[in-house]
Structure formats: C-alpha cells, structure tokens
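**Student:** query21.pdb is the file, holding PDB, C-alpha atoms and all ligand atoms:
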ATOM      1  CA  MET A 312       9.395  -8.338  33.770  1.00  0.00           C
ATOM      2  CA  ASP A 313      11.596  -9.328  36.729  1.00  0.00           C
ATOM      3  CA  ARG A 314      13.257  -6.666  38.904  1.00  0.00           C
ATOM      4  CA  ILE A 315      16.747  -6.977  37.399  1.00  0.00           C
ATOM      5  CA  SER A 316      15.541  -6.908  33.799  1.00  0.00           C
ATOM      6  CA  GLU A 317      13.433  -3.888  34.707  1.00  0.00           C
ATOM      7  CA  ILE A 318      16.528  -2.120  36.134  1.00  0.00           C
ATOM      8  CA  PHE A 319      18.563  -2.651  32.956  1.00  0.00           C
ATOM      9  CA  ASP A 320      15.635  -1.872  30.697  1.00  0.00           C
ATOM     10  CA  ARG A 321      15.100   1.488  32.399  1.00  0.00           C
ATOM     11  CA  LEU A 322      18.835   2.245  32.372  1.00  0.00           C
ATOM     12  CA  LYS A 323      18.897   1.529  28.631  1.00  0.00           C
ATOM     13  CA  SER A 324      16.131   4.074  28.157  1.00  0.00           C
ATOM     14  CA  LYS A 325      17.880   6.665  30.329  1.00  0.00           C
ATOM     15  CA  TYR A 326      21.306   6.177  28.715  1.00  0.00           C
ATOM     16  CA  PRO A 327      20.726   5.222  25.060  1.00  0.00           C
ATOM     17  CA  ALA A 328      24.293   6.297  24.219  1.00  0.00           C
ATOM     18  CA  ALA A 329      25.973   4.278  26.995  1.00  0.00           C
ATOM     19  CA  ARG A 330      29.289   3.050  25.619  1.00  0.00           C
ATOM     20  CA  CYS A 331      33.019   3.124  26.269  1.00  0.00           C
ATOM     21  CA  GLU A 332      34.044   6.790  26.422  1.00  0.00           C
ATOM     22  CA  LEU A 333      37.730   6.115  25.723  1.00  0.00           C
ATOM     23  CA  GLY A 334      38.894   6.922  22.178  1.00  0.00           C
ATOM     24  CA  TYR A 335      40.585   4.068  20.284  1.00  0.00           C
ATOM     25  CA  ASP A 336      40.957   2.666  16.787  1.00  0.00           C
ATOM     26  CA  SER A 337      42.277  -0.831  17.554  1.00  0.00           C
ATOM     27  CA  PRO A 338      42.269  -3.370  20.416  1.00  0.00           C
ATOM     28  CA  PHE A 339      45.866  -2.308  21.164  1.00  0.00           C
ATOM     29  CA  GLU A 340      44.961   1.386  21.426  1.00  0.00           C
ATOM     30  CA  LEU A 341      42.066   0.439  23.702  1.00  0.00           C
ATOM     31  CA  LEU A 342      44.376  -1.613  25.930  1.00  0.00           C
ATOM     32  CA  ILE A 343      46.791   1.334  26.288  1.00  0.00           C
ATOM     33  CA  ALA A 344      43.900   3.730  26.998  1.00  0.00           C
ATOM     34  CA  VAL A 345      42.480   1.418  29.685  1.00  0.00           C
ATOM     35  CA  ILE A 346      45.896   1.076  31.373  1.00  0.00           C
ATOM     36  CA  LEU A 347      46.193   4.891  31.349  1.00  0.00           C
ATOM     37  CA  SER A 348      42.678   5.306  32.775  1.00  0.00           C
ATOM     38  CA  ALA A 349      43.531   3.853  36.215  1.00  0.00           C
ATOM     39  CA  GLN A 350      42.895   6.653  38.750  1.00  0.00           C
ATOM     40  CA  CYS A 351      42.335   9.085  35.842  1.00  0.00           C
ATOM     41  CA  THR A 352      39.326  10.429  33.969  1.00  0.00           C
ATOM     42  CA  ASP A 353      38.449   9.210  30.470  1.00  0.00           C
ATOM     43  CA  LYS A 354      38.499  12.854  29.344  1.00  0.00           C
ATOM     44  CA  ARG A 355      42.131  13.291  30.390  1.00  0.00           C
ATOM     45  CA  VAL A 356      43.134   9.939  28.867  1.00  0.00           C
ATOM     46  CA  ASN A 357      41.533  10.969  25.573  1.00  0.00           C
ATOM     47  CA  GLU A 358      43.433  14.272  25.590  1.00  0.00           C
ATOM     48  CA  VAL A 359      46.689  12.349  26.016  1.00  0.00           C
ATOM     49  CA  THR A 360      45.971   9.543  23.540  1.00  0.00           C
ATOM     50  CA  ASN A 361      44.663  11.967  20.884  1.00  0.00           C
ATOM     51  CA  VAL A 362      48.214  13.321  20.691  1.00  0.00           C
ATOM     52  CA  LEU A 363      50.100  10.100  21.490  1.00  0.00           C
ATOM     53  CA  PHE A 364      48.371   7.753  19.031  1.00  0.00           C
ATOM     54  CA  LYS A 365      49.038  10.136  16.134  1.00  0.00           C
ATOM     55  CA  LYS A 366      52.770   9.614  16.733  1.00  0.00           C
ATOM     56  CA  ILE A 367      52.878   6.015  17.912  1.00  0.00           C
ATOM     57  CA  ASN A 368      50.163   3.353  18.109  1.00  0.00           C
ATOM     58  CA  THR A 369      51.525  -0.164  17.602  1.00  0.00           C
ATOM     59  CA  PRO A 370      53.008  -2.656  20.083  1.00  0.00           C
ATOM     60  CA  GLU A 371      56.211  -2.759  18.010  1.00  0.00           C
ATOM     61  CA  GLN A 372      56.646   1.020  18.428  1.00  0.00           C
ATOM     62  CA  PHE A 373      55.843   1.067  22.170  1.00  0.00           C
ATOM     63  CA  ALA A 374      58.069  -1.977  22.844  1.00  0.00           C
ATOM     64  CA  VAL A 375      61.245  -0.103  21.842  1.00  0.00           C
ATOM     65  CA  MET A 376      60.418   3.202  23.538  1.00  0.00           C
ATOM     66  CA  GLU A 377      62.588   4.598  26.316  1.00  0.00           C
ATOM     67  CA  GLN A 378      60.552   4.682  29.530  1.00  0.00           C
ATOM     68  CA  GLY A 379      61.416   8.366  30.142  1.00  0.00           C
ATOM     69  CA  GLU A 380      60.250   9.283  26.650  1.00  0.00           C
ATOM     70  CA  LEU A 381      56.859   7.621  27.230  1.00  0.00           C
ATOM     71  CA  GLU A 382      56.553   9.151  30.708  1.00  0.00           C
ATOM     72  CA  LYS A 383      56.784  12.623  29.152  1.00  0.00           C
ATOM     73  CA  GLU A 384      53.845  11.789  26.887  1.00  0.00           C
ATOM     74  CA  ILE A 385      51.573  10.383  29.587  1.00  0.00           C
ATOM     75  CA  TYR A 386      52.522  12.148  32.836  1.00  0.00           C
ATOM     76  CA  THR A 387      49.235  14.075  33.084  1.00  0.00           C
ATOM     77  CA  CYS A 388      47.400  10.739  33.539  1.00  0.00           C
ATOM     78  CA  GLY A 389      49.102  10.201  36.923  1.00  0.00           C
ATOM     79  CA  PHE A 390      51.104   7.178  38.138  1.00  0.00           C
ATOM     80  CA  TYR A 391      53.128   7.684  34.973  1.00  0.00           C
ATOM     81  CA  HIS A 392      56.237   5.728  36.078  1.00  0.00           C
ATOM     82  CA  ASN A 393      54.302   2.506  36.558  1.00  0.00           C
ATOM     83  CA  LYS A 394      51.979   3.096  33.632  1.00  0.00           C
ATOM     84  CA  ALA A 395      54.915   3.707  31.242  1.00  0.00           C
ATOM     85  CA  LYS A 396      56.792   0.678  32.578  1.00  0.00           C
ATOM     86  CA  ASN A 397      53.723  -1.558  32.225  1.00  0.00           C
ATOM     87  CA  ILE A 398      52.824  -0.291  28.743  1.00  0.00           C
ATOM     88  CA  ILE A 399      56.339  -0.965  27.427  1.00  0.00           C
ATOM     89  CA  ALA A 400      56.489  -4.415  29.085  1.00  0.00           C
ATOM     90  CA  ALA A 401      52.988  -5.368  27.863  1.00  0.00           C
ATOM     91  CA  SER A 402      53.906  -4.218  24.333  1.00  0.00           C
ATOM     92  CA  LYS A 403      57.047  -6.386  24.394  1.00  0.00           C
ATOM     93  CA  ASP A 404      54.961  -9.375  25.552  1.00  0.00           C
ATOM     94  CA  ILE A 405      52.377  -8.786  22.816  1.00  0.00           C
ATOM     95  CA  CYS A 406      55.169  -8.724  20.206  1.00  0.00           C
ATOM     96  CA  GLU A 407      57.104 -11.696  21.567  1.00  0.00           C
ATOM     97  CA  LYS A 408      54.335 -14.023  22.783  1.00  0.00           C
ATOM     98  CA  PHE A 409      51.252 -13.064  20.788  1.00  0.00           C
ATOM     99  CA  GLY A 410      52.567 -12.196  17.313  1.00  0.00           C
ATOM    100  CA  GLY A 411      51.903  -8.472  17.717  1.00  0.00           C
ATOM    101  CA  LYS A 412      48.164  -8.920  18.377  1.00  0.00           C
ATOM    102  CA  VAL A 413      46.315  -8.251  21.628  1.00  0.00           C
ATOM    103  CA  PRO A 414      45.139 -11.662  22.867  1.00  0.00           C
ATOM    104  CA  SER A 415      41.410 -12.252  23.218  1.00  0.00           C
ATOM    105  CA  THR A 416      41.188 -14.528  26.257  1.00  0.00           C
ATOM    106  CA  MET A 417      41.178 -13.628  29.942  1.00  0.00           C
ATOM    107  CA  ASP A 418      44.033 -16.010  30.789  1.00  0.00           C
ATOM    108  CA  GLU A 419      46.292 -14.563  28.097  1.00  0.00           C
ATOM    109  CA  LEU A 420      45.453 -10.938  28.873  1.00  0.00           C
ATOM    110  CA  LEU A 421      46.237 -11.480  32.556  1.00  0.00           C
ATOM    111  CA  THR A 422      49.822 -12.447  31.620  1.00  0.00           C
ATOM    112  CA  LEU A 423      50.452  -8.891  30.330  1.00  0.00           C
ATOM    113  CA  SER A 424      52.110  -6.335  32.612  1.00  0.00           C
ATOM    114  CA  GLY A 425      49.669  -3.902  34.181  1.00  0.00           C
ATOM    115  CA  VAL A 426      46.620  -5.905  33.132  1.00  0.00           C
ATOM    116  CA  GLY A 427      44.278  -7.031  35.910  1.00  0.00           C
ATOM    117  CA  ARG A 428      40.797  -8.495  35.664  1.00  0.00           C
ATOM    118  CA  LYS A 429      39.061  -5.158  35.187  1.00  0.00           C
ATOM    119  CA  THR A 430      41.314  -4.057  32.326  1.00  0.00           C
ATOM    120  CA  ALA A 431      41.092  -7.499  30.706  1.00  0.00           C
ATOM    121  CA  ASN A 432      37.304  -7.488  30.984  1.00  0.00           C
ATOM    122  CA  VAL A 433      37.064  -4.039  29.370  1.00  0.00           C
ATOM    123  CA  VAL A 434      39.225  -5.195  26.440  1.00  0.00           C
ATOM    124  CA  LEU A 435      37.249  -8.443  26.067  1.00  0.00           C
ATOM    125  CA  ASN A 436      33.929  -6.600  26.165  1.00  0.00           C
ATOM    126  CA  VAL A 437      34.678  -3.462  24.162  1.00  0.00           C
ATOM    127  CA  ALA A 438      37.299  -4.647  21.649  1.00  0.00           C
ATOM    128  CA  PHE A 439      36.214  -8.266  21.215  1.00  0.00           C
ATOM    129  CA  GLY A 440      32.464  -8.082  21.887  1.00  0.00           C
ATOM    130  CA  GLN A 441      32.447 -10.637  24.697  1.00  0.00           C
ATOM    131  CA  PRO A 442      29.668 -10.320  27.337  1.00  0.00           C
ATOM    132  CA  THR A 443      32.035  -9.659  30.252  1.00  0.00           C
ATOM    133  CA  ILE A 444      31.193  -7.304  33.124  1.00  0.00           C
ATOM    134  CA  PRO A 445      34.199  -5.238  34.256  1.00  0.00           C
ATOM    135  CA  VAL A 446      33.772  -3.884  37.781  1.00  0.00           C
ATOM    136  CA  ASP A 447      35.130  -0.392  38.435  1.00  0.00           C
ATOM    137  CA  THR A 448      34.270   1.928  41.304  1.00  0.00           C
ATOM    138  CA  HIS A 449      30.946   2.991  39.726  1.00  0.00           C
ATOM    139  CA  VAL A 450      29.834  -0.566  38.934  1.00  0.00           C
ATOM    140  CA  PHE A 451      30.827  -1.657  42.448  1.00  0.00           C
ATOM    141  CA  ARG A 452      28.888   1.143  44.199  1.00  0.00           C
ATOM    142  CA  VAL A 453      25.758   1.077  42.025  1.00  0.00           C
ATOM    143  CA  SER A 454      25.561  -2.725  42.217  1.00  0.00           C
ATOM    144  CA  HIS A 455      25.482  -2.481  46.003  1.00  0.00           C
ATOM    145  CA  ARG A 456      22.893   0.305  46.064  1.00  0.00           C
ATOM    146  CA  LEU A 457      20.640  -1.675  43.755  1.00  0.00           C
ATOM    147  CA  ALA A 458      21.224  -4.879  45.756  1.00  0.00           C
ATOM    148  CA  LEU A 459      22.616  -6.649  42.700  1.00  0.00           C
ATOM    149  CA  SER A 460      25.535  -7.789  44.851  1.00  0.00           C
ATOM    150  CA  ASP A 461      26.790  -7.559  48.396  1.00  0.00           C
ATOM    151  CA  GLY A 462      30.272  -8.689  47.347  1.00  0.00           C
ATOM    152  CA  LYS A 463      33.205  -7.344  49.328  1.00  0.00           C
ATOM    153  CA  THR A 464      35.634  -7.210  46.393  1.00  0.00           C
ATOM    154  CA  PRO A 465      35.333  -6.307  42.689  1.00  0.00           C
ATOM    155  CA  ASP A 466      35.867  -9.982  41.824  1.00  0.00           C
ATOM    156  CA  ASP A 467      32.955 -10.971  44.109  1.00  0.00           C
ATOM    157  CA  VAL A 468      30.723  -8.331  42.538  1.00  0.00           C
ATOM    158  CA  GLU A 469      31.706  -9.489  39.041  1.00  0.00           C
ATOM    159  CA  ALA A 470      30.800 -13.078  39.958  1.00  0.00           C
ATOM    160  CA  ASP A 471      27.427 -11.953  41.389  1.00  0.00           C
ATOM    161  CA  LEU A 472      26.621  -9.824  38.337  1.00  0.00           C
ATOM    162  CA  ASN A 473      27.479 -12.701  36.038  1.00  0.00           C
ATOM    163  CA  LYS A 474      24.930 -14.804  37.946  1.00  0.00           C
ATOM    164  CA  VAL A 475      22.063 -12.316  38.198  1.00  0.00           C
ATOM    165  CA  VAL A 476      22.237 -10.155  35.052  1.00  0.00           C
ATOM    166  CA  PRO A 477      20.193 -11.713  32.233  1.00  0.00           C
ATOM    167  CA  ASP A 478      22.391 -12.647  29.233  1.00  0.00           C
ATOM    168  CA  ILE A 479      20.638 -10.181  26.958  1.00  0.00           C
ATOM    169  CA  TYR A 480      21.856  -7.264  29.114  1.00  0.00           C
ATOM    170  CA  LYS A 481      25.405  -8.516  29.791  1.00  0.00           C
ATOM    171  CA  PRO A 482      27.182  -6.848  26.848  1.00  0.00           C
ATOM    172  CA  LEU A 483      25.893  -3.409  27.924  1.00  0.00           C
ATOM    173  CA  ALA A 484      25.558  -3.948  31.681  1.00  0.00           C
ATOM    174  CA  HIS A 485      28.792  -2.315  32.815  1.00  0.00           C
ATOM    175  CA  HIS A 486      28.384   0.663  30.476  1.00  0.00           C
ATOM    176  CA  LEU A 487      24.888   1.265  31.877  1.00  0.00           C
ATOM    177  CA  LEU A 488      26.044   0.962  35.489  1.00  0.00           C
ATOM    178  CA  ILE A 489      29.047   3.241  34.806  1.00  0.00           C
ATOM    179  CA  PHE A 490      26.868   5.898  33.152  1.00  0.00           C
ATOM    180  CA  HIS A 491      24.376   5.703  36.013  1.00  0.00           C
ATOM    181  CA  GLY A 492      27.171   5.975  38.588  1.00  0.00           C
ATOM    182  CA  ARG A 493      28.894   8.805  36.752  1.00  0.00           C
ATOM    183  CA  TYR A 494      25.873  10.958  35.935  1.00  0.00           C
ATOM    184  CA  CYS A 495      23.157  10.133  38.511  1.00  0.00           C
ATOM    185  CA  CYS A 496      23.951   7.639  41.274  1.00  0.00           C
ATOM    186  CA  LYS A 497      27.079   9.530  42.293  1.00  0.00           C
ATOM    187  CA  ALA A 498      29.212   8.477  45.248  1.00  0.00           C
ATOM    188  CA  GLN A 499      28.637  11.478  47.516  1.00  0.00           C
ATOM    189  CA  ARG A 500      25.250  12.908  46.587  1.00  0.00           C
ATOM    190  CA  PRO A 501      23.225  10.530  44.450  1.00  0.00           C
ATOM    191  CA  ASP A 502      20.702  12.450  42.361  1.00  0.00           C
ATOM    192  CA  CYS A 503      17.735  10.284  43.363  1.00  0.00           C
ATOM    193  CA  SER A 504      15.204  12.910  42.230  1.00  0.00           C
ATOM    194  CA  HIS A 505      16.252  12.247  38.597  1.00  0.00           C
ATOM    195  CA  CYS A 506      16.683   8.482  38.953  1.00  0.00           C
ATOM    196  CA  PRO A 507      14.262   6.130  37.174  1.00  0.00           C
ATOM    197  CA  LEU A 508      14.969   3.337  39.678  1.00  0.00           C
ATOM    198  CA  THR A 509      13.657   4.714  42.973  1.00  0.00           C
ATOM    199  CA  ASP A 510      11.002   1.991  43.309  1.00  0.00           C
ATOM    200  CA  LEU A 511      13.607  -0.713  42.607  1.00  0.00           C
ATOM    201  CA  CYS A 512      16.459   0.679  44.696  1.00  0.00           C
ATOM    202  CA  ALA A 513      17.486  -0.909  47.971  1.00  0.00           C
ATOM    203  CA  GLU A 514      19.040   2.362  49.191  1.00  0.00           C
ATOM    204  CA  TYR A 515      16.443   4.916  48.120  1.00  0.00           C
ATOM    205  CA  ASP A 516      14.350   4.880  51.295  1.00  0.00           C
ATOM    206  CA  LYS A 517      17.473   5.041  53.435  1.00  0.00           C
ATOM    207  CA  ILE A 518      18.970   7.947  51.446  1.00  0.00           C
ATOM    208  CA  LYS A 519      15.612   9.786  51.522  1.00  0.00           C
ATOM    209  CA  THR A 520      15.342   9.305  55.310  1.00  0.00           C
ATOM    210  CA  ASP A 521      18.927  10.451  55.878  1.00  0.00           C
ATOM    211  CA  LYS A 522      18.261  13.809  54.137  1.00  0.00           C
TER
HETATM  212  S1  LIG A 601      17.424   5.849  43.814  1.00  0.00           S
HETATM  213 FE1  LIG A 601      19.271   7.041  44.323  1.00  0.00          FE
HETATM  214  S2  LIG A 601      20.657   5.571  45.317  1.00  0.00           S
HETATM  215 FE2  LIG A 601      19.079   4.390  44.236  1.00  0.00          FE
HETATM  216  S3  LIG A 601      19.971   3.927  42.219  1.00  0.00           S
HETATM  217 FE3  LIG A 601      18.787   5.813  42.027  1.00  0.00          FE
HETATM  218  S4  LIG A 601      20.280   7.485  42.347  1.00  0.00           S
HETATM  219 FE4  LIG A 601      21.187   5.578  43.143  1.00  0.00          FE
END
Would you put the structure from the file into structure tokens?

**Tutor:**
Amino acid sequence: MDRISEIFDRLKSKYPAARCELGYDSPFELLIAVILSAQCTDKRVNEVTNVLFKKINTPEQFAVMEQGELEKEIYTCGFYHNKAKNIIAASKDICEKFGGKVPSTMDELLTLSGVGRKTANVVLNVAFGQPTIPVDTHVFRVSHRLALSDGKTPDDVEADLNKVVPDIYKPLAHHLLIFHGRYCCKAQRPDCSHCPLTDLCAEYDKIKTDK
C-alpha cells in the first residue's frame, strides 16, 4: 500500500465514527449550521440549532426574519451580526433563485451570502455525498504535518489533497483529518505518543527532537 493510502487506512481504523458532528435534518439546516460554525465549536452550534430548528428551519421562514430577532437566537455562536445578516440573505437567495432548495453545485453555492469554498465543500460532501475535501484549520495543519501539502492557503491545500488523496478515501478524507486534528494531532501539543502515523509523519522526528 502506498504511503497516502496507508495514512487514510490507519486513520479509518483509529476513527471509525469519523463524520460531520453538526446536527441537521436537511441540506438547509446543514448550511445554516456550517455558517454558524465559523470561529465556533460544533458543540456550541448544536446547542443553538437544537433550540432554533425546533422553531424555524426552512429558507422561507429565515428569509422573512428580522435580523435582530435572529441575532438573539444565535449570539452565543459569535460574530452574530454578520452570521444573522448572511443567513437571512442566503435564505432569500435560496427562495428567489433556487426554488427554496439548497443548490448542489459549487458555483451556485458560492453565490449565496456567507458561503465560501469551505462551507460549500462541506455542504456538497455531507448533504449531497460529493467527494469534496473542505479545508478547515485542522485539515490545513494536519495536511502540512503529514506532508500531504505545502500549500500556503486553504485553496492550495484543497487542490493538493484533490491530487494526492486516492478517490476511494476522498468522501471521508476531511472527516478523518478533522478528527485527527481535533483529538490527536492538536495545534499546540500533538499527542504523538497515541498517533498511529509516527512512521509516516514528516513532523514526528522534529517534534520528538524539540521535546
Ligand atoms: S506523529 Fe504527531 S505530528 Fe505527526 S501526525 Fe501524529 S500526532 Fe501529528
């Protein structure tokens, strides 16, 4: 097995439950949850959406909301002015341009307020089952440590991962890298002693020497 397949194979064994940790029941709920998750933990987003989606969960309902009313519901997620503004504007767009349905192409998703490449890729992967690789802070860091990419920007890293990750691993790749970054290969003190990738890791020797 080649090095990159070996990395993803071992990560699959270590994280058999790797999946999106945001709660949602429709592509639209997922889109709202992903917008809320910027600079916020999934746990906090789930606390907010567990309450919010019981009251309101369609683009038609969000599109006619007062911004202040939505801000009160989501303020604990941080950046609530912008997030509320973007959610209402994106909901209006979904109603007016896409017949009330979240679109399922990158180009269309990128026309929605508050939706960048990462958010669009999460929706395409998780809601629509497309083999996209969203790059968040964990995916970015772990990809560098494992020498999967030396890209300077998330878009560069995404392009590199799309080239090097075997197709069979693409649907799960970002979940596995996120879980590894969240629970083992942490930003400050990576837990190398519990990592199954030490013999495949470009940084391991350096981190070991630095200790
Ligand atoms: S060996 Fe350490 S730095 Fe390398 S992937 Fe594992 S946890 Fe991260």

**Student:** Suppose you want the space between CA of Glu317 (chain A) and CA of Pro445 (chain A); what is it in Å?

**Tutor:**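 One can read the CA of Glu317 (chain A) to CA of Pro445 (chain A) distance as 20.8 Å.
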
**Student:** I want to know what sits within 10 Å of Leu435 (chain A), based on all atoms listed in the file, with residues of the same chain fewer than 3 positions away left out; could you give that as a compact mmCIF listing (two decimals) with C-alpha atoms, in the coordinates of the input?

**Tutor:**
# COMPACT_ATOMS: atom_id res chain seq x y z
CA PRO A 338 42.27 -3.37 20.42
CA LEU A 342 44.38 -1.61 25.93
CA PRO A 414 45.14 -11.66 22.87
CA SER A 415 41.41 -12.25 23.22
CA THR A 416 41.19 -14.53 26.26
CA MET A 417 41.18 -13.63 29.94
CA LEU A 420 45.45 -10.94 28.87
CA LYS A 429 39.06 -5.16 35.19
CA THR A 430 41.31 -4.06 32.33
CA ALA A 431 41.09 -7.50 30.71
CA ASN A 432 37.30 -7.49 30.98
CA ALA A 438 37.30 -4.65 21.65
CA PHE A 439 36.21 -8.27 21.22
CA GLY A 440 32.46 -8.08 21.89
CA GLN A 441 32.45 -10.64 24.70
CA PRO A 442 29.67 -10.32 27.34
CA THR A 443 32.03 -9.66 30.25
CA ILE A 444 31.19 -7.30 33.12
CA PRO A 445 34.20 -5.24 34.26

**Student:** Suppose a student applies the PyMOL selection byres (((not hetatm)) within 6 of (chain A and resi 601)) to this structure; what residues should they get, written as a ChimeraX atom specification?

**Tutor:** /A:456-457,495-496,501-503,506,508-509,512,514-515

**Student:** Which residue is closest to Leu347 (chain A)? Choose from A:Gln499, A:Ser316, A:Asn368, A:Asn397 and count only C-alpha atoms.

**Tutor:**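 Smallest separation from Leu347 (chain A) among the options: A:Asn397.
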
**Student:** Please identify all polymer residues within 9 Å of Tyr386 (chain A), counting all atoms listed in the file, omitting same-chain residues fewer than 5 positions from it, and present them as number ranges by chain.

**Tutor:** A: 359, 381, 391-392, 395

**Student:** Please report the interatomic distance between CA of Arg355 (chain A) and CA of Ala401 (chain A) in Å with one decimal.

**Tutor:**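 CA of Arg355 (chain A) sits 21.7 Å away from CA of Ala401 (chain A).
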
**Student:** Taking the file as shown, what set of residues would the PyMOL selection byres (((chain A and resi 335) around 9) and not hetatm) give back, as an NGL selection string?

**Tutor:** :A and (333-334 or 336-342 or 344 or 357 or 360-361 or 364)

**Student:** Just checking: using all atoms listed in the file, which residue out of A:Ile518, A:Leu483, A:Ile315, A:Ile398 ends up closest to Pro327 (chain A)?

**Tutor:**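 Closest to Pro327 (chain A), using all atoms listed in the file: A:Leu483.
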
**Student:** I'd like the contact shell of Val453 (chain A) - 8 Å cut-off, all atoms listed in the file, skipping same-chain residues fewer than 2 positions apart - returned as a ChimeraX atom specification.

**Tutor:** /A:449-451,455-457,488,491-492,496

**Student:** Pull out every residue that the PyMOL selection byres (((chain A and resi 396) around 12) and not hetatm) matches in the shown coordinates and put them as an NGL selection string.

**Tutor:** :A and (343 or 346-347 or 373-382 or 385 or 390-395 or 397-403 or 423-425)

**Student:** Could you tell me how far CA of Glu358 (chain A) sits from CA of Pro465 (chain A), in Å to one decimal place?

**Tutor:**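 Distance reported for this atom pair: 28.0 Å.
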
**Student:** Using only C-alpha atoms, pick whichever of A:Asp516, A:Arg314, A:Phe490, A:Ser504 has the shortest atom-to-atom distance to Tyr326 (chain A).

**Tutor:**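 Closest to Tyr326 (chain A) of all the choices is A:Phe490.
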
**Student:** Which residue is closest to Lys481 (chain A)? Choose from A:Val437, A:Ala498, A:Val356, A:Ile367 and count all atoms listed in the file.

**Tutor:**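 Under the stated criterion, the closest residue is A:Val437.
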
**Student:** Taking the structure I provided as the source, export region 448-505 of chain A with C-alpha atoms, as a compact mmCIF listing (two decimals), in the first residue's frame.

**Tutor:**
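Writing the result to out_27.txt gives the following:
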# COMPACT_ATOMS: atom_id res chain seq x y z
CA THR A 448 -7.83 24.77 10.30
CA HIS A 449 -7.43 21.09 11.32
CA VAL A 450 -7.25 19.81 7.74
CA PHE A 451 -4.77 22.57 6.87
CA ARG A 452 -2.44 21.82 9.82
CA VAL A 453 -2.56 18.02 9.66
CA SER A 454 -2.04 18.04 5.88
CA HIS A 455 1.16 20.02 6.38
CA ARG A 456 2.42 17.81 9.21
CA LEU A 457 1.84 14.71 7.12
CA ALA A 458 3.42 16.35 4.05
CA LEU A 459 0.22 15.91 2.05
CA SER A 460 0.52 19.55 1.01
CA ASP A 461 2.79 22.52 1.46
CA GLY A 462 0.11 24.90 0.20
CA LYS A 463 0.09 28.41 1.62
CA THR A 464 -3.69 28.86 1.51
CA PRO A 465 -6.70 26.59 2.16
CA ASP A 466 -7.46 26.65 -1.57
CA ASP A 467 -3.91 25.46 -2.35
CA VAL A 468 -4.19 22.67 0.22
CA GLU A 469 -7.58 21.63 -1.19
CA ALA A 470 -6.08 21.45 -4.69
CA ASP A 471 -3.13 19.36 -3.41
CA LEU A 472 -5.39 16.98 -1.48
CA ASN A 473 -7.59 16.52 -4.52
CA LYS A 474 -4.47 15.46 -6.45
CA VAL A 475 -2.88 13.13 -3.90
CA VAL A 476 -5.75 11.53 -1.96
CA PRO A 477 -6.91 8.32 -3.67
CA ASP A 478 -10.55 8.56 -4.84
CA ILE A 479 -11.67 5.81 -2.50
CA TYR A 480 -10.72 7.93 0.53
CA LYS A 481 -11.99 11.31 -0.74
CA PRO A 482 -15.53 11.18 0.70
CA LEU A 483 -14.16 10.60 4.22
CA ALA A 484 -10.79 12.36 3.95
CA HIS A 485 -11.70 15.66 5.59
CA HIS A 486 -13.64 13.99 8.41
CA LEU A 487 -10.61 11.79 9.17
CA LEU A 488 -8.19 14.73 9.09
CA ILE A 489 -10.54 16.83 11.27
CA PHE A 490 -10.92 14.05 13.84
CA HIS A 491 -7.16 13.50 13.89
CA GLY A 492 -6.54 17.24 14.28
CA ARG A 493 -9.20 17.63 16.95
CA TYR A 494 -8.39 14.61 19.10
CA CYS A 495 -4.71 13.73 18.50
CA CYS A 496 -2.65 15.95 16.19
CA LYS A 497 -3.62 19.09 18.08
CA ALA A 498 -2.23 22.51 17.20
CA GLN A 499 -0.21 23.18 20.35
CA ARG A 500 0.74 19.80 21.78
CA PRO A 501 0.21 17.00 19.30
CA ASP A 502 -0.31 13.70 21.12
CA CYS A 503 2.28 11.80 19.08
CA SER A 504 2.53 9.00 21.67
CA HIS A 505 -1.04 7.93 20.74
